[in-house]
file work-v8.pdb (PDB, C-alpha atoms)
ATOM      1  CA  MET A 108       3.541 -10.554 -10.451  1.00  0.00           C
ATOM      2  CA  TYR A 109       2.312  -8.040 -12.992  1.00  0.00           C
ATOM      3  CA  ARG A 110       4.149  -7.968 -16.293  1.00  0.00           C
ATOM      4  CA  PRO A 111       3.171  -5.345 -18.897  1.00  0.00           C
ATOM      5  CA  GLY A 112       1.683  -6.910 -22.003  1.00  0.00           C
ATOM      6  CA  PHE A 113       1.057 -10.201 -20.210  1.00  0.00           C
ATOM      7  CA  CYS A 114      -2.495 -11.379 -19.529  1.00  0.00           C
ATOM      8  CA  MET A 115      -2.948 -13.658 -16.569  1.00  0.00           C
ATOM      9  CA  SER A 116      -5.461 -16.454 -16.630  1.00  0.00           C
ATOM     10  CA  GLN A 117      -8.238 -16.582 -14.080  1.00  0.00           C
ATOM     11  CA  SER A 118      -6.458 -19.393 -12.207  1.00  0.00           C
ATOM     12  CA  GLU A 119      -3.289 -17.261 -11.974  1.00  0.00           C
ATOM     13  CA  HIS A 120      -5.361 -14.421 -10.508  1.00  0.00           C
ATOM     14  CA  VAL A 121      -6.800 -16.815  -7.928  1.00  0.00           C
ATOM     15  CA  VAL A 122      -3.331 -18.077  -6.979  1.00  0.00           C
ATOM     16  CA  ASN A 123      -2.077 -14.483  -6.666  1.00  0.00           C
ATOM     17  CA  ASP A 124      -5.104 -13.550  -4.549  1.00  0.00           C
ATOM     18  CA  ILE A 125      -4.496 -16.529  -2.257  1.00  0.00           C
ATOM     19  CA  ALA A 126      -0.799 -15.686  -1.915  1.00  0.00           C
ATOM     20  CA  ALA A 127      -1.645 -12.034  -1.197  1.00  0.00           C
ATOM     21  CA  ARG A 128      -4.110 -13.150   1.484  1.00  0.00           C
ATOM     22  CA  TYR A 129      -1.491 -15.403   3.120  1.00  0.00           C
ATOM     23  CA  PHE A 130       1.122 -12.611   3.079  1.00  0.00           C
ATOM     24  CA  LEU A 131      -1.424 -10.254   4.628  1.00  0.00           C
ATOM     25  CA  ILE A 132      -2.290 -12.782   7.352  1.00  0.00           C
ATOM     26  CA  LEU A 133       1.358 -13.525   8.159  1.00  0.00           C
ATOM     27  CA  GLY A 134       2.184  -9.816   8.219  1.00  0.00           C
ATOM     28  CA  ALA A 135      -0.719  -9.138  10.572  1.00  0.00           C
ATOM     29  CA  ALA A 136       0.425 -11.991  12.820  1.00  0.00           C
ATOM     30  CA  ALA A 137       3.975 -10.602  12.945  1.00  0.00           C
ATOM     31  CA  ALA A 138       2.639  -7.123  13.751  1.00  0.00           C
ATOM     32  CA  ASP A 139       0.368  -8.556  16.453  1.00  0.00           C
ATOM     33  CA  LEU A 140       3.287 -10.372  18.120  1.00  0.00           C
ATOM     34  CA  TRP A 141       5.835  -7.577  17.549  1.00  0.00           C
ATOM     35  CA  SER A 142       6.339  -6.740  21.238  1.00  0.00           C
ATOM     36  CA  GLU A 143       7.035 -10.392  22.030  1.00  0.00           C
ATOM     37  CA  LEU A 144       9.671 -10.881  19.319  1.00  0.00           C
ATOM     38  CA  PRO A 145      13.380 -10.733  20.161  1.00  0.00           C
ATOM     39  CA  GLN A 146      14.896  -7.347  19.309  1.00  0.00           C
ATOM     40  CA  GLU A 147      17.202  -8.870  16.668  1.00  0.00           C
ATOM     41  CA  LEU A 148      14.230 -10.422  14.855  1.00  0.00           C
ATOM     42  CA  GLN A 149      12.316  -7.131  15.095  1.00  0.00           C
ATOM     43  CA  HIS A 150      15.258  -5.363  13.469  1.00  0.00           C
ATOM     44  CA  LYS A 151      15.523  -7.953  10.659  1.00  0.00           C
ATOM     45  CA  LEU A 152      11.780  -7.837   9.935  1.00  0.00           C
ATOM     46  CA  PHE A 153      11.756  -4.039  10.001  1.00  0.00           C
ATOM     47  CA  GLU A 154      14.707  -3.717   7.620  1.00  0.00           C
ATOM     48  CA  ARG A 155      13.300  -6.359   5.257  1.00  0.00           C
ATOM     49  CA  GLY A 156       9.940  -4.588   5.290  1.00  0.00           C
ATOM     50  CA  VAL A 157      11.590  -1.292   4.371  1.00  0.00           C
ATOM     51  CA  VAL A 158      13.474  -2.919   1.489  1.00  0.00           C
ATOM     52  CA  LEU A 159      10.412  -4.754   0.181  1.00  0.00           C
ATOM     53  CA  GLY A 160       8.179  -1.731   0.643  1.00  0.00           C
ATOM     54  CA  HIS A 161      10.461   0.642  -1.221  1.00  0.00           C
ATOM     55  CA  GLN A 162      10.352  -1.396  -4.434  1.00  0.00           C
ATOM     56  CA  GLY A 163      13.409   0.397  -5.797  1.00  0.00           C
ATOM     57  CA  GLU A 164      12.705   3.809  -4.276  1.00  0.00           C
ATOM     58  CA  ARG A 165      15.313   5.619  -2.190  1.00  0.00           C
ATOM     59  CA  ASP A 166      12.797   7.615  -0.142  1.00  0.00           C
ATOM     60  CA  GLU A 167      13.265   7.176   3.615  1.00  0.00           C
ATOM     61  CA  SER A 168       9.692   8.212   4.451  1.00  0.00           C
ATOM     62  CA  LEU A 169       8.561   4.571   4.549  1.00  0.00           C
ATOM     63  CA  ARG A 170      11.172   3.816   7.227  1.00  0.00           C
ATOM     64  CA  GLU A 171       9.903   6.755   9.278  1.00  0.00           C
ATOM     65  CA  GLN A 172       6.258   5.782   8.774  1.00  0.00           C
ATOM     66  CA  LEU A 173       6.885   2.167   9.813  1.00  0.00           C
ATOM     67  CA  ALA A 174       8.873   3.262  12.853  1.00  0.00           C
ATOM     68  CA  LYS A 175       6.086   5.635  13.922  1.00  0.00           C
ATOM     69  CA  PHE A 176       3.450   2.938  13.396  1.00  0.00           C
ATOM     70  CA  LEU A 177       5.372   0.463  15.563  1.00  0.00           C
ATOM     71  CA  HIS A 178       6.100   3.084  18.213  1.00  0.00           C
ATOM     72  CA  ASP A 179       2.420   4.103  18.359  1.00  0.00           C
ATOM     73  CA  HIS A 180       1.080   0.535  18.482  1.00  0.00           C
ATOM     74  CA  HIS A 181       3.552  -1.502  20.552  1.00  0.00           C
ATOM     75  CA  ALA A 182       5.469  -1.320  23.781  1.00  0.00           C
ATOM     76  CA  ARG A 183       9.199  -1.561  23.255  1.00  0.00           C
ATOM     77  CA  THR A 184      10.697  -5.006  23.544  1.00  0.00           C
ATOM     78  CA  LEU A 185      12.983  -5.285  26.533  1.00  0.00           C
ATOM     79  CA  THR A 186      16.593  -6.107  25.764  1.00  0.00           C
ATOM     80  CA  ARG A 187      16.931  -9.845  26.188  1.00  0.00           C
TER      81      ARG A 187
END
call {"tool": "encode", "arguments": {"input": "work-v8.pdb", "output": "structure tokens"}}
result
Amino acid sequence: MYRPGFCMSQSEHVVNDIAARYFLILGAAAADLWSELPQELQHKLFERGVVLGHQGERDESLREQLAKFLHDHHARTLTR
């Protein structure tokens, strides 16, 4: 995490880079399997993504952009 006025060591940068890579991989895996996930889990992941992506903003454009991305890239999950 970036903190103004705080210098990270090289090892902290490496750890952050590794964590960022793992988050990217897990996010890509979730997106790849989206159509296969139960609708309730899709909803939870979507809402959590919106909250995390906003980072304090109140703009709803991220919600719309994510919804469009999912609609354009995945078949809807059947109600289970």
call {"tool": "residues_around", "arguments": {"input": "work-v8.pdb", "residues": "Ala182 (chain A)", "least_positions_apart": "6", "cutoff": "12 Å", "atoms": "only C-alpha atoms", "output": "MDAnalysis selection string"}}
result
chainID A and resid 138:144 176
call {"tool": "closest_residue", "arguments": {"input": "work-v8.pdb", "among": "A:Leu173, A:Tyr129, A:Ser168, A:Asp124", "to": "Gly156 (chain A)", "atoms": "only C-alpha atoms"}}
result
A:Leu173
call {"tool": "closest_residue", "arguments": {"input": "work-v8.pdb", "among": "A:His161, A:Arg128, A:His150, A:Arg155", "to": "Leu177 (chain A)", "atoms": "only C-alpha atoms"}}
result
A:His150
call {"tool": "axis_aligned_box", "arguments": {"input": "work-v8.pdb", "around": "region 123-127 of chain A", "padding_each_side": "6 Å", "output": "lines of an AutoDock Vina configuration file"}}
result
center_x = -3.0
center_y = -14.3
center_z = -3.9
size_x = 16.3
size_y = 16.5
size_z = 17.5
call {"tool": "atom_distance", "arguments": {"input": "work-v8.pdb", "atom1": "CA of Glu171 (chain A)", "atom2": "CA of Leu159 (chain A)"}}
result
14.7 Å
call {"tool": "closest_residue", "arguments": {"input": "work-v8.pdb", "among": "A:Glu154, A:Leu148, A:Ala137, A:Asp166", "to": "His181 (chain A)", "atoms": "all atoms listed in the file"}}
result
A:Ala137
